[in-house]
Each structure stands twice: as C-alpha cells, then as structure tokens.
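Enquirer: This structure is in structure tokens; I'll ask about it shortly.
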Amino acid sequence: MRQSRKLDHIHQTLQLADGPGTTGFADITLIHNSLPNIAWEDITLATSLADLPLTHPVIINAITGGAVDVTAVNCKLAQFAKITGSAMAVGSQYSALENSTVWESYQIVRRENPDGIIIANLGAHASSEQARIAVDMIGADAIQIHLNAAQEIIMEEGDRDFRGYLDNIARIVSEVHVPVFVKEVGCGIAREAAADLADTGIRAIDVGGMGGTNFLAIEAARSQAQLADELLGWGIPTTISALEVLSILPSSVQLIVSGGVRTPLDMIKSMAFGGSAVAMAAPILRIISEHGVAHAAEWFDEFLHTGRRYMMLVGAKETKDLLTVPFQVTGLSREWLMNRRIDTTQYATRKKHG
C-alpha cells in the first residue's frame, strides 16, 4: 500500500496545480534601496541551519522514497542536489522501517551525493529508535519530523490518532545525535503550536504553509474523492504562518519557510522575514521530470542569480543583512496578523545597523 502511495504522490504532484489557497507572498513588498552601497561580487546567499553550512538557502524538501520504482526519482534529485550544492530531505522513511527491500530508494541519495547535507524524515508518531535507524540509514546530517494530520484524515489508510506528538518529538530530540526539525506538509503552523514545539528542543521549524503543493488535493485525487472547497483550502497561508511563528520563536530555534515558495523573490522575502532557509520540491521535480537534471541545474543557477539581484535592490550583501530590510505587509496578511495581535508595523520601519 505504501509503495503504490509513493508512486501516486509523485504522479499527482506533477499533475496538480498549487492551491487553491494562496501563499500570501503577494501581500509582502520589500522596500527598494536606492543607495545599496555594496558591490555585486560581494553578494552571497550562504547561510547556515542548525550549525550546518548552506551554500544557499534552498533545501530540496521531502518528496519521495519507499518504493522500488521511485529510486530513480531520488537518484536524480540527489544528482541535482550535488550539482547545485543544495541540502536535501528525503521522503518519509516509515516504509523502509516496515520493508527493508526499499532502503535503496533512500540510500541512493547518500550514494549519489556523498558529501552533501542530507535530511532524514519520519512522522511524529515514530519512536526515537526508529528515528535513529532513519538517520543511520542514509548517514543523515539532520532529521525532519513531519506533521500531516490533515493529509492523514483524507487517506482511507491514514492515521486517526495524533495523541502524544509533543512528548514523542521531545524524546526524539533527546535520543538522536543530529539536529531535529519539525515541518508541516501544507497547512501551516500557528504561533501556539510553534511555542509548544520550541519547548521540545528542536532546532528549526519549517512552516509548510498553505498555497503550494496541496496534499489534501493529492489524496483526494488518489482515491477519486470529491472534497469541499472549504476543506481543500484549509490552512494558514505561508507568509502568515512564518510571521506567526517568528512572533514567538526563541533564538535557539530557526525558521524554514516552505509552502509555495516558487520565485527568487519569494526566497528573498522569506529570508527578510527571518528565515534561515527556504524549502521547495514540486518545481524542481517538475523540471527534472520534463527536461532532465542538467537543464534543472541551469534553471536553478538563474534562480539564485536573480535572488542576488533582489539582494542588491534592497542593499543586502549577506543573507543576515536581509533581517534589517524594511517591508510592507498588506491585504489579508496584515488583517490576519493585526487580529492576532502581531505587530507588522515593526517590519516597515526596520533600519540597517552599523
């Protein structure tokens, strides 16, 4: 069942459009800097996450693994990661815990990219022992614990019991030897949940907001079910989730922004929020599937090049400088955050230090 599900997920990811909810990136406007006072050759996108050095902020987010027929997909994603210097998360490894014959679909990633940053992946119901196995399976540098209650309740074979997740995550943090991240898979994370998660000792929260790949729609397509528009549009838009999380996030926990990050400007906006990295999967998978790894790498090189252009336009030499770039929050995002007593005016008046 899990193997066929993995194949269905890839097929539907390539077929379905983002949404129907919006990410909120259109509600964010970075303020142009007419006096950037930097040189092009000094601009760098390098950053770090949980003390792991990243040559640029883009992580290839979890997409697949756990079926013999998807091994080739992970192989190509790993080749792309190696060429572009991208960190990469594998899909949920729970299949491999149940069936050792599919380990290869995950281990291919480390074999193709022996020196890259690889992130393991399990659901929040996994035990700390299972987490250690998942990390060791691929020589992972970190592990991503995913939250996907909305997706599970759409799947006929999905989980229905979500009790004890916080305690379980805390145990995983205390018993694995690599940094632990927690991510949503498309419905976003509110500040209340983020505060609880931060107390577990995790190193980063990936908001996985609404507006990108819609796993509710994917599961509905898999089972040929009709879901109400209200359910398909369930969740917290990505930008709102990011700013909600940031409003309570302690300095010990970093932010990853994902959920419909599609353009270089989305990336730069996310870093201006306070993100240490962004993550995406579907756009990369589509280009590799349609045009191959080499073409995808060329596209990505232009993606990063354009990102540097935006850094010039806001006067940011390094990614940390984006934290002082002022930006305006309008539309639904502003209304939502105001109603939630989260001050957005602070972002509009930020000034560069030093």
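All residue names refer to the structure tokens as shown: chains lettered A, B, ... in order, residues numbered from 1 in each chain, ligands numbered from 1 in order.
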Give me the residues within 8 Å of segment 235-244 of chain A as a compact mmCIF listing (two decimals) with N, CA, C and O atoms, in the first residue's frame, counting only C-alpha atoms and dropping any in the same chain fewer than 6 places off.
Expert:
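selection.txt, written as the output of this step:
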```
# COMPACT_ATOMS: atom_id res chain seq x y z
N GLY A 21 -5.65 27.57 -2.07
CA GLY A 21 -5.30 28.69 -1.20
C GLY A 21 -4.08 29.43 -1.71
O GLY A 21 -3.28 28.89 -2.49
N THR A 22 -3.92 30.68 -1.29
CA THR A 22 -2.77 31.48 -1.71
C THR A 22 -1.73 31.54 -0.61
O THR A 22 -2.04 31.41 0.58
N THR A 23 -0.49 31.74 -0.99
CA THR A 23 0.62 31.74 -0.04
C THR A 23 0.70 33.01 0.79
O THR A 23 1.23 33.00 1.90
N GLY A 24 0.25 34.13 0.23
CA GLY A 24 0.39 35.41 0.90
C GLY A 24 1.62 36.20 0.50
O GLY A 24 1.79 37.34 0.94
N PHE A 25 2.49 35.63 -0.34
CA PHE A 25 3.69 36.37 -0.72
C PHE A 25 3.35 37.68 -1.43
O PHE A 25 4.11 38.65 -1.34
N GLY A 186 1.75 21.45 4.54
CA GLY A 186 0.91 22.25 3.66
C GLY A 186 -0.22 23.00 4.32
O GLY A 186 -0.94 23.74 3.63
N CYS A 187 -0.37 22.88 5.63
CA CYS A 187 -1.43 23.60 6.33
C CYS A 187 -0.90 24.66 7.27
O CYS A 187 -1.68 25.36 7.94
N GLY A 188 0.40 24.84 7.35
CA GLY A 188 0.98 25.89 8.16
C GLY A 188 1.02 25.56 9.65
O GLY A 188 0.38 24.62 10.12
N ILE A 189 1.78 26.36 10.38
CA ILE A 189 1.92 26.22 11.83
C ILE A 189 1.59 27.56 12.48
O ILE A 189 2.15 28.59 12.10
N ALA A 190 0.70 27.55 13.44
CA ALA A 190 0.33 28.76 14.16
C ALA A 190 1.29 29.00 15.31
O ALA A 190 2.04 28.10 15.72
N ARG A 191 1.26 30.21 15.87
CA ARG A 191 2.22 30.55 16.91
C ARG A 191 2.05 29.69 18.17
O ARG A 191 3.03 29.40 18.86
N VAL A 207 7.54 25.89 8.34
CA VAL A 207 6.10 26.19 8.50
C VAL A 207 5.22 25.42 7.53
O VAL A 207 4.05 25.16 7.83
N GLY A 208 5.73 25.04 6.36
CA GLY A 208 4.94 24.26 5.40
C GLY A 208 3.54 24.82 5.22
O GLY A 208 2.55 24.12 5.41
N GLY A 209 3.45 26.08 4.83
CA GLY A 209 2.16 26.77 4.79
C GLY A 209 1.30 26.42 3.59
O GLY A 209 1.70 25.71 2.66
N MET A 210 0.09 26.96 3.63
CA MET A 210 -0.89 26.75 2.56
C MET A 210 -0.53 27.58 1.34
O MET A 210 -0.02 28.69 1.46
N GLY A 211 -0.81 27.03 0.17
CA GLY A 211 -0.63 27.77 -1.07
C GLY A 211 0.28 27.10 -2.07
O GLY A 211 0.33 27.50 -3.23
N LEU A 255 13.98 29.30 11.57
CA LEU A 255 12.79 29.21 10.73
C LEU A 255 13.16 28.75 9.33
O LEU A 255 14.11 29.25 8.72
N VAL A 257 11.10 28.42 5.68
CA VAL A 257 9.86 28.81 5.04
C VAL A 257 9.62 27.92 3.83
O VAL A 257 10.46 27.83 2.93
N SER A 258 8.48 27.24 3.82
CA SER A 258 8.08 26.43 2.67
C SER A 258 6.57 26.48 2.53
O SER A 258 5.86 26.90 3.44
N GLY A 259 6.10 26.04 1.38
CA GLY A 259 4.68 26.11 1.07
C GLY A 259 4.45 27.13 -0.02
O GLY A 259 4.05 28.26 0.24
N GLY A 260 4.74 26.75 -1.26
CA GLY A 260 4.53 27.65 -2.38
C GLY A 260 5.64 28.65 -2.63
O GLY A 260 5.42 29.66 -3.30
N SER A 270 11.26 35.58 2.18
CA SER A 270 11.30 34.64 3.30
C SER A 270 12.50 34.88 4.20
O SER A 270 12.40 34.78 5.43
N PHE A 273 11.90 37.94 6.30
CA PHE A 273 11.07 37.65 7.48
C PHE A 273 11.94 37.26 8.67
O PHE A 273 11.62 37.55 9.81
N SER A 333 -2.94 39.26 4.82
CA SER A 333 -1.87 39.00 5.78
C SER A 333 -1.87 40.05 6.90
O SER A 333 -1.77 39.71 8.09
N TRP A 336 -5.10 39.63 9.10
CA TRP A 336 -4.97 38.43 9.93
C TRP A 336 -4.06 38.70 11.12
O TRP A 336 -4.41 38.42 12.27
N LEU A 337 -2.84 39.21 10.82
CA LEU A 337 -1.84 39.39 11.87
C LEU A 337 -2.27 40.46 12.88
O LEU A 337 -2.02 40.32 14.09
N ILE A 342 -0.39 40.61 16.34
CA ILE A 342 1.01 40.54 15.91
C ILE A 342 1.33 41.82 15.15
O ILE A 342 0.70 42.13 14.14
```
Enquirer: Listing only residues of segment 208-323 of chain A within 12 Å of segment 156-178 of chain A, what is the closest atom pair and its distance in Å (to one decimal) for each, using only C-alpha atoms, sorted by chain and residue number ascending, as JSON lines?
Expert:
```
{"residue": "A:Leu216", "atom": "CA", "partner": "A:Gly158", "partner_atom": "CA", "distance": 11.9}
{"residue": "A:Glu219", "atom": "CA", "partner": "A:Glu156", "partner_atom": "CA", "distance": 9.1}
{"residue": "A:Ala220", "atom": "CA", "partner": "A:Glu156", "partner_atom": "CA", "distance": 9.9}
{"residue": "A:Arg222", "atom": "CA", "partner": "A:Glu156", "partner_atom": "CA", "distance": 10.2}
{"residue": "A:Ser223", "atom": "CA", "partner": "A:Glu156", "partner_atom": "CA", "distance": 8.1}
{"residue": "A:Gln224", "atom": "CA", "partner": "A:Glu156", "partner_atom": "CA", "distance": 11.4}
{"residue": "A:Ala225", "atom": "CA", "partner": "A:Glu156", "partner_atom": "CA", "distance": 10.4}
```
Enquirer: Let me see the file: selected residues, N, CA and C atoms, as a PDB file, in the first residue's frame.
Expert:
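Contents of the output file again10.pdb:
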```pdb
ATOM      1  N   LEU A 216      -3.894  17.512   0.450  1.00  0.00           N
ATOM      2  CA  LEU A 216      -5.294  17.127   0.565  1.00  0.00           C
ATOM      3  C   LEU A 216      -5.855  16.837  -0.828  1.00  0.00           C
ATOM      4  N   GLU A 219      -4.372  13.524  -2.103  1.00  0.00           N
ATOM      5  CA  GLU A 219      -5.017  12.337  -1.544  1.00  0.00           C
ATOM      6  C   GLU A 219      -6.430  12.160  -2.105  1.00  0.00           C
ATOM      7  N   ALA A 220      -7.137  13.277  -2.330  1.00  0.00           N
ATOM      8  CA  ALA A 220      -8.468  13.182  -2.925  1.00  0.00           C
ATOM      9  C   ALA A 220      -8.386  12.619  -4.338  1.00  0.00           C
ATOM     10  N   ARG A 222      -6.034  10.664  -5.483  1.00  0.00           N
ATOM     11  CA  ARG A 222      -5.656   9.251  -5.376  1.00  0.00           C
ATOM     12  C   ARG A 222      -6.878   8.362  -5.198  1.00  0.00           C
ATOM     13  N   SER A 223      -7.800   8.802  -4.357  1.00  0.00           N
ATOM     14  CA  SER A 223      -8.963   7.977  -4.038  1.00  0.00           C
ATOM     15  C   SER A 223     -10.192   8.349  -4.853  1.00  0.00           C
ATOM     16  N   GLN A 224     -10.000   9.307  -5.784  1.00  0.00           N
ATOM     17  CA  GLN A 224     -11.100   9.794  -6.623  1.00  0.00           C
ATOM     18  C   GLN A 224     -12.270  10.291  -5.769  1.00  0.00           C
ATOM     19  N   ALA A 225     -11.921  10.985  -4.690  1.00  0.00           N
ATOM     20  CA  ALA A 225     -12.921  11.552  -3.781  1.00  0.00           C
ATOM     21  C   ALA A 225     -13.152  13.016  -4.114  1.00  0.00           C
TER      22      ALA A 225
END
```
Enquirer: Please provide the set of residues having any atom within 8 Å of segment 34-46 of chain A, restricted to only C-alpha atoms, with same-chain residues fewer than 5 positions apart removed, written as a list in words.
Expert: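 My reading of the contact set: Pro53, Leu54, Thr55, His56, Pro57, Arg308, Met311, Met312, Leu313, Val314, Gly315, Ala316, Lys317, Glu318 and Thr319 of chain A.
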Enquirer: For atom CA of Ala87 of chain A and atom CA of Ile118 of chain A, determine how far apart the two atoms are, in Å to one decimal place.
Expert: 5.9 Å
Enquirer: DSSP says helix (DSSP H, G or I) for which residues of segment 4-208 of chain A? Put them as a PyMOL selection string?
Expert: chain A and resi 4-15+25-27+40-42+68-84+94-98+100-102+104-112+128-138+149-154+165-175+191-198
Enquirer: Would you mind exporting the chosen residues as a compact mmCIF listing (two decimals), in the first residue's frame, restricted to C-alpha atoms?
Expert:
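Here's the written file out.txt:
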```
# COMPACT_ATOMS: atom_id res chain seq x y z
CA SER A 4 1.76 2.45 -4.52
CA ARG A 5 1.01 5.57 -2.48
CA LYS A 6 4.51 6.92 -3.16
CA LEU A 7 4.05 6.49 -6.90
CA ASP A 8 0.62 8.14 -6.73
CA HIS A 9 2.06 11.10 -4.81
CA ILE A 10 4.66 11.77 -7.49
CA HIS A 11 2.14 11.43 -10.31
CA GLN A 12 -0.37 13.77 -8.68
CA THR A 13 2.31 16.26 -7.65
CA LEU A 14 3.31 16.60 -11.29
CA GLN A 15 -0.29 16.84 -12.47
CA PHE A 25 3.69 36.37 -0.72
CA ALA A 26 1.81 38.96 -2.80
CA ASP A 27 0.96 40.75 0.46
CA TRP A 40 27.87 42.71 -6.88
CA GLU A 41 30.85 40.44 -6.29
CA ASP A 42 30.37 40.75 -2.52
CA VAL A 68 11.45 0.50 -5.76
CA ASP A 69 10.04 2.46 -8.69
CA VAL A 70 10.85 5.86 -7.15
CA THR A 71 14.52 5.10 -6.60
CA ALA A 72 15.33 6.73 -9.94
CA VAL A 73 13.49 9.89 -8.87
CA ASN A 74 15.53 10.23 -5.69
CA CYS A 75 18.66 9.45 -7.69
CA LYS A 76 18.02 12.40 -10.00
CA LEU A 77 17.11 14.71 -7.11
CA ALA A 78 20.37 13.75 -5.39
CA GLN A 79 22.33 14.46 -8.57
CA PHE A 80 20.66 17.84 -8.76
CA ALA A 81 21.49 18.48 -5.10
CA LYS A 82 25.15 17.63 -5.70
CA ILE A 83 25.47 19.85 -8.77
CA THR A 84 23.74 22.81 -7.13
CA TYR A 94 8.50 4.80 7.51
CA SER A 95 8.13 2.50 4.51
CA ALA A 96 11.71 1.37 4.98
CA LEU A 97 11.09 0.62 8.66
CA GLU A 98 8.36 -1.77 7.55
CA SER A 100 13.93 -3.32 4.23
CA THR A 101 13.75 -4.01 0.48
CA VAL A 102 13.01 -0.32 -0.16
CA GLU A 104 17.76 1.53 -1.59
CA SER A 105 15.21 4.18 -2.59
CA TYR A 106 16.59 6.33 0.24
CA GLN A 107 20.23 5.22 0.36
CA ILE A 108 20.68 6.18 -3.29
CA VAL A 109 20.61 9.80 -2.15
CA ARG A 110 23.72 9.48 0.00
CA ARG A 111 25.50 7.36 -2.58
CA GLU A 112 24.90 9.93 -5.33
CA SER A 128 13.29 7.55 18.96
CA GLU A 129 14.74 4.16 17.98
CA GLN A 130 13.08 4.41 14.58
CA ALA A 131 14.45 7.93 14.22
CA ARG A 132 17.97 6.67 14.88
CA ILE A 133 17.52 3.96 12.25
CA ALA A 134 16.26 6.54 9.73
CA VAL A 135 19.29 8.76 10.37
CA ASP A 136 21.79 5.91 10.14
CA MET A 137 20.11 4.51 7.02
CA ILE A 138 21.26 7.48 4.94
CA ALA A 149 -2.88 15.43 10.32
CA ALA A 150 -4.99 16.97 7.53
CA GLN A 151 -3.45 14.67 4.92
CA GLU A 152 -3.83 11.60 7.11
CA ILE A 153 -7.57 12.06 7.71
CA ILE A 154 -8.19 12.31 3.96
CA TYR A 165 3.17 14.04 19.48
CA LEU A 166 4.94 16.71 21.57
CA ASP A 167 6.28 14.17 24.07
CA ASN A 168 7.36 11.94 21.22
CA ILE A 169 9.21 14.75 19.46
CA ALA A 170 10.95 15.65 22.72
CA ARG A 171 12.12 12.05 23.12
CA ILE A 172 13.47 12.01 19.58
CA VAL A 173 15.35 15.26 20.24
CA SER A 174 16.94 13.80 23.39
CA GLU A 175 17.95 10.49 21.84
CA ARG A 191 2.22 30.55 16.91
CA GLU A 192 0.59 28.47 19.66
CA ALA A 193 1.82 25.21 18.14
CA ALA A 194 5.21 26.77 17.40
CA ALA A 195 5.63 27.76 21.05
CA ASP A 196 4.91 24.20 22.15
CA LEU A 197 7.29 22.78 19.56
CA ALA A 198 10.09 25.17 20.54
```
Enquirer: Extract, using only C-alpha atoms, all DNA, RNA and protein residues at most 7 Å from Ile202 of chain A, discarding same-chain residues fewer than 2 positions from it, and format them as a ChimeraX atom specification.
Expert: /A:173,180-181,198,200,204,253
Enquirer: Looking at only C-alpha atoms, which of A:Gly85, A:Ile288, A:Asp301, A:Gln144 is the one that sits closest to Ile117 of chain A?
Expert: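 Smallest distance to Ile117 of chain A is found for A:Gly85.
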Enquirer: If we count only C-alpha atoms, what is near Ser86 of chain A at a cut-off of 7 Å, once residues fewer than 5 positions away on the same chain are taken out, given as JSON, numbers by chain?
Expert: {"A": [58, 59, 60, 81]}
Enquirer: Using DSSP on the backbone coordinates, identify all residues within segment 251-354 of chain A classified as strand (DSSP E or B); present the result as a list in words.
Expert: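 Output for segment 251-354 of chain A, strand (DSSP E or B) only: Gln254, Leu255, Ile256, Val257, Ser258, Ala277, Val278, Ala279, Met280, Phe327, Gln328 and Val329 of chain A.
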Enquirer: Work out how far atom CA of Ala279 of chain A is from atom CA of Leu30 of chain A, in Å to one decimal.
Expert: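 These two atoms are separated by 20.2 Å.
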Enquirer: Would you list the contacts of Lys269 of chain A as JSON, numbers by chain, taking every protein, DNA or RNA residue within 10 Å and counting only C-alpha atoms, but skipping same-chain residues closer than 2 positions in sequence?
Expert: {"A": [25, 28, 29, 30, 239, 257, 261, 263, 264, 265, 266, 267, 271, 272, 273, 274, 275, 307, 310, 311, 322, 323, 325, 327]}
Enquirer: Please, could you write that set of residues out with N, CA and C atoms as a PDB file, in the first residue's frame?
Expert:
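Writing done, so here's result.pdb:
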```
ATOM      1  N   PHE A  25       2.487  35.630  -0.338  1.00  0.00           N
ATOM      2  CA  PHE A  25       3.690  36.366  -0.723  1.00  0.00           C
ATOM      3  C   PHE A  25       3.350  37.683  -1.428  1.00  0.00           C
ATOM      4  N   ILE A  28       3.379  40.911   0.623  1.00  0.00           N
ATOM      5  CA  ILE A  28       4.653  41.397   1.164  1.00  0.00           C
ATOM      6  C   ILE A  28       5.392  42.189   0.098  1.00  0.00           C
ATOM      7  N   THR A  29       5.766  43.422   0.407  1.00  0.00           N
ATOM      8  CA  THR A  29       6.536  44.261  -0.510  1.00  0.00           C
ATOM      9  C   THR A  29       7.820  44.710   0.168  1.00  0.00           C
ATOM     10  N   LEU A  30       8.962  44.296  -0.379  1.00  0.00           N
ATOM     11  CA  LEU A  30      10.250  44.756   0.127  1.00  0.00           C
ATOM     12  C   LEU A  30      10.479  46.194  -0.316  1.00  0.00           C
ATOM     13  N   THR A 239       3.072  32.960   4.285  1.00  0.00           N
ATOM     14  CA  THR A 239       3.664  34.164   4.864  1.00  0.00           C
ATOM     15  C   THR A 239       3.090  34.453   6.246  1.00  0.00           C
ATOM     16  N   VAL A 257      11.104  28.421   5.685  1.00  0.00           N
ATOM     17  CA  VAL A 257       9.857  28.813   5.035  1.00  0.00           C
ATOM     18  C   VAL A 257       9.621  27.915   3.834  1.00  0.00           C
ATOM     19  N   VAL A 261       6.837  28.384  -2.111  1.00  0.00           N
ATOM     20  CA  VAL A 261       7.993  29.203  -2.494  1.00  0.00           C
ATOM     21  C   VAL A 261       8.315  28.843  -3.936  1.00  0.00           C
ATOM     22  N   THR A 263       9.468  31.536  -6.499  1.00  0.00           N
ATOM     23  CA  THR A 263      10.282  32.505  -7.228  1.00  0.00           C
ATOM     24  C   THR A 263      11.464  32.957  -6.378  1.00  0.00           C
ATOM     25  N   PRO A 264      12.484  33.529  -7.036  1.00  0.00           N
ATOM     26  CA  PRO A 264      13.595  34.100  -6.264  1.00  0.00           C
ATOM     27  C   PRO A 264      13.137  35.169  -5.286  1.00  0.00           C
ATOM     28  N   LEU A 265      12.130  35.948  -5.671  1.00  0.00           N
ATOM     29  CA  LEU A 265      11.629  36.978  -4.766  1.00  0.00           C
ATOM     30  C   LEU A 265      10.959  36.358  -3.542  1.00  0.00           C
ATOM     31  N   ASP A 266      10.240  35.238  -3.731  1.00  0.00           N
ATOM     32  CA  ASP A 266       9.677  34.528  -2.575  1.00  0.00           C
ATOM     33  C   ASP A 266      10.794  34.144  -1.607  1.00  0.00           C
ATOM     34  N   MET A 267      11.904  33.666  -2.155  1.00  0.00           N
ATOM     35  CA  MET A 267      13.044  33.275  -1.331  1.00  0.00           C
ATOM     36  C   MET A 267      13.581  34.458  -0.533  1.00  0.00           C
ATOM     37  N   MET A 271      13.636  35.199   3.601  1.00  0.00           N
ATOM     38  CA  MET A 271      14.821  35.487   4.390  1.00  0.00           C
ATOM     39  C   MET A 271      14.686  36.826   5.107  1.00  0.00           C
ATOM     40  N   ALA A 272      13.980  37.769   4.491  1.00  0.00           N
ATOM     41  CA  ALA A 272      13.734  39.053   5.140  1.00  0.00           C
ATOM     42  C   ALA A 272      12.829  38.886   6.359  1.00  0.00           C
ATOM     43  N   PHE A 273      11.899  37.938   6.302  1.00  0.00           N
ATOM     44  CA  PHE A 273      11.073  37.647   7.480  1.00  0.00           C
ATOM     45  C   PHE A 273      11.942  37.264   8.673  1.00  0.00           C
ATOM     46  N   GLY A 274      13.011  36.539   8.380  1.00  0.00           N
ATOM     47  CA  GLY A 274      13.830  35.945   9.427  1.00  0.00           C
ATOM     48  C   GLY A 274      14.092  34.477   9.184  1.00  0.00           C
ATOM     49  N   GLY A 275      13.748  34.002   8.001  1.00  0.00           N
ATOM     50  CA  GLY A 275      14.010  32.610   7.666  1.00  0.00           C
ATOM     51  C   GLY A 275      15.495  32.344   7.507  1.00  0.00           C
ATOM     52  N   GLY A 307      17.982  35.890  -7.379  1.00  0.00           N
ATOM     53  CA  GLY A 307      17.910  36.167  -5.950  1.00  0.00           C
ATOM     54  C   GLY A 307      18.954  37.188  -5.526  1.00  0.00           C
ATOM     55  N   TYR A 310      17.863  40.710  -6.335  1.00  0.00           N
ATOM     56  CA  TYR A 310      16.973  41.299  -5.338  1.00  0.00           C
ATOM     57  C   TYR A 310      17.743  41.729  -4.091  1.00  0.00           C
ATOM     58  N   MET A 311      18.782  40.990  -3.744  1.00  0.00           N
ATOM     59  CA  MET A 311      19.600  41.402  -2.609  1.00  0.00           C
ATOM     60  C   MET A 311      20.274  42.735  -2.889  1.00  0.00           C
ATOM     61  N   LEU A 322      19.435  40.829   5.300  1.00  0.00           N
ATOM     62  CA  LEU A 322      18.019  40.876   4.945  1.00  0.00           C
ATOM     63  C   LEU A 322      17.134  41.067   6.171  1.00  0.00           C
ATOM     64  N   LEU A 323      17.671  40.756   7.356  1.00  0.00           N
ATOM     65  CA  LEU A 323      16.904  40.907   8.590  1.00  0.00           C
ATOM     66  C   LEU A 323      16.645  42.368   8.945  1.00  0.00           C
ATOM     67  N   VAL A 325      16.087  44.668   6.367  1.00  0.00           N
ATOM     68  CA  VAL A 325      15.397  45.261   5.219  1.00  0.00           C
ATOM     69  C   VAL A 325      13.938  45.527   5.587  1.00  0.00           C
ATOM     70  N   PHE A 327       9.961  46.028   5.113  1.00  0.00           N
ATOM     71  CA  PHE A 327       8.968  45.549   4.151  1.00  0.00           C
ATOM     72  C   PHE A 327       7.569  45.874   4.655  1.00  0.00           C
TER      73      PHE A 327
END
```
Enquirer: Might you pull out every residue within 12 Å of Ile287 of chain A, with only C-alpha atoms counted and same-chain residues fewer than 3 positions away left off, and present them as a count of residues only?
Expert: 19
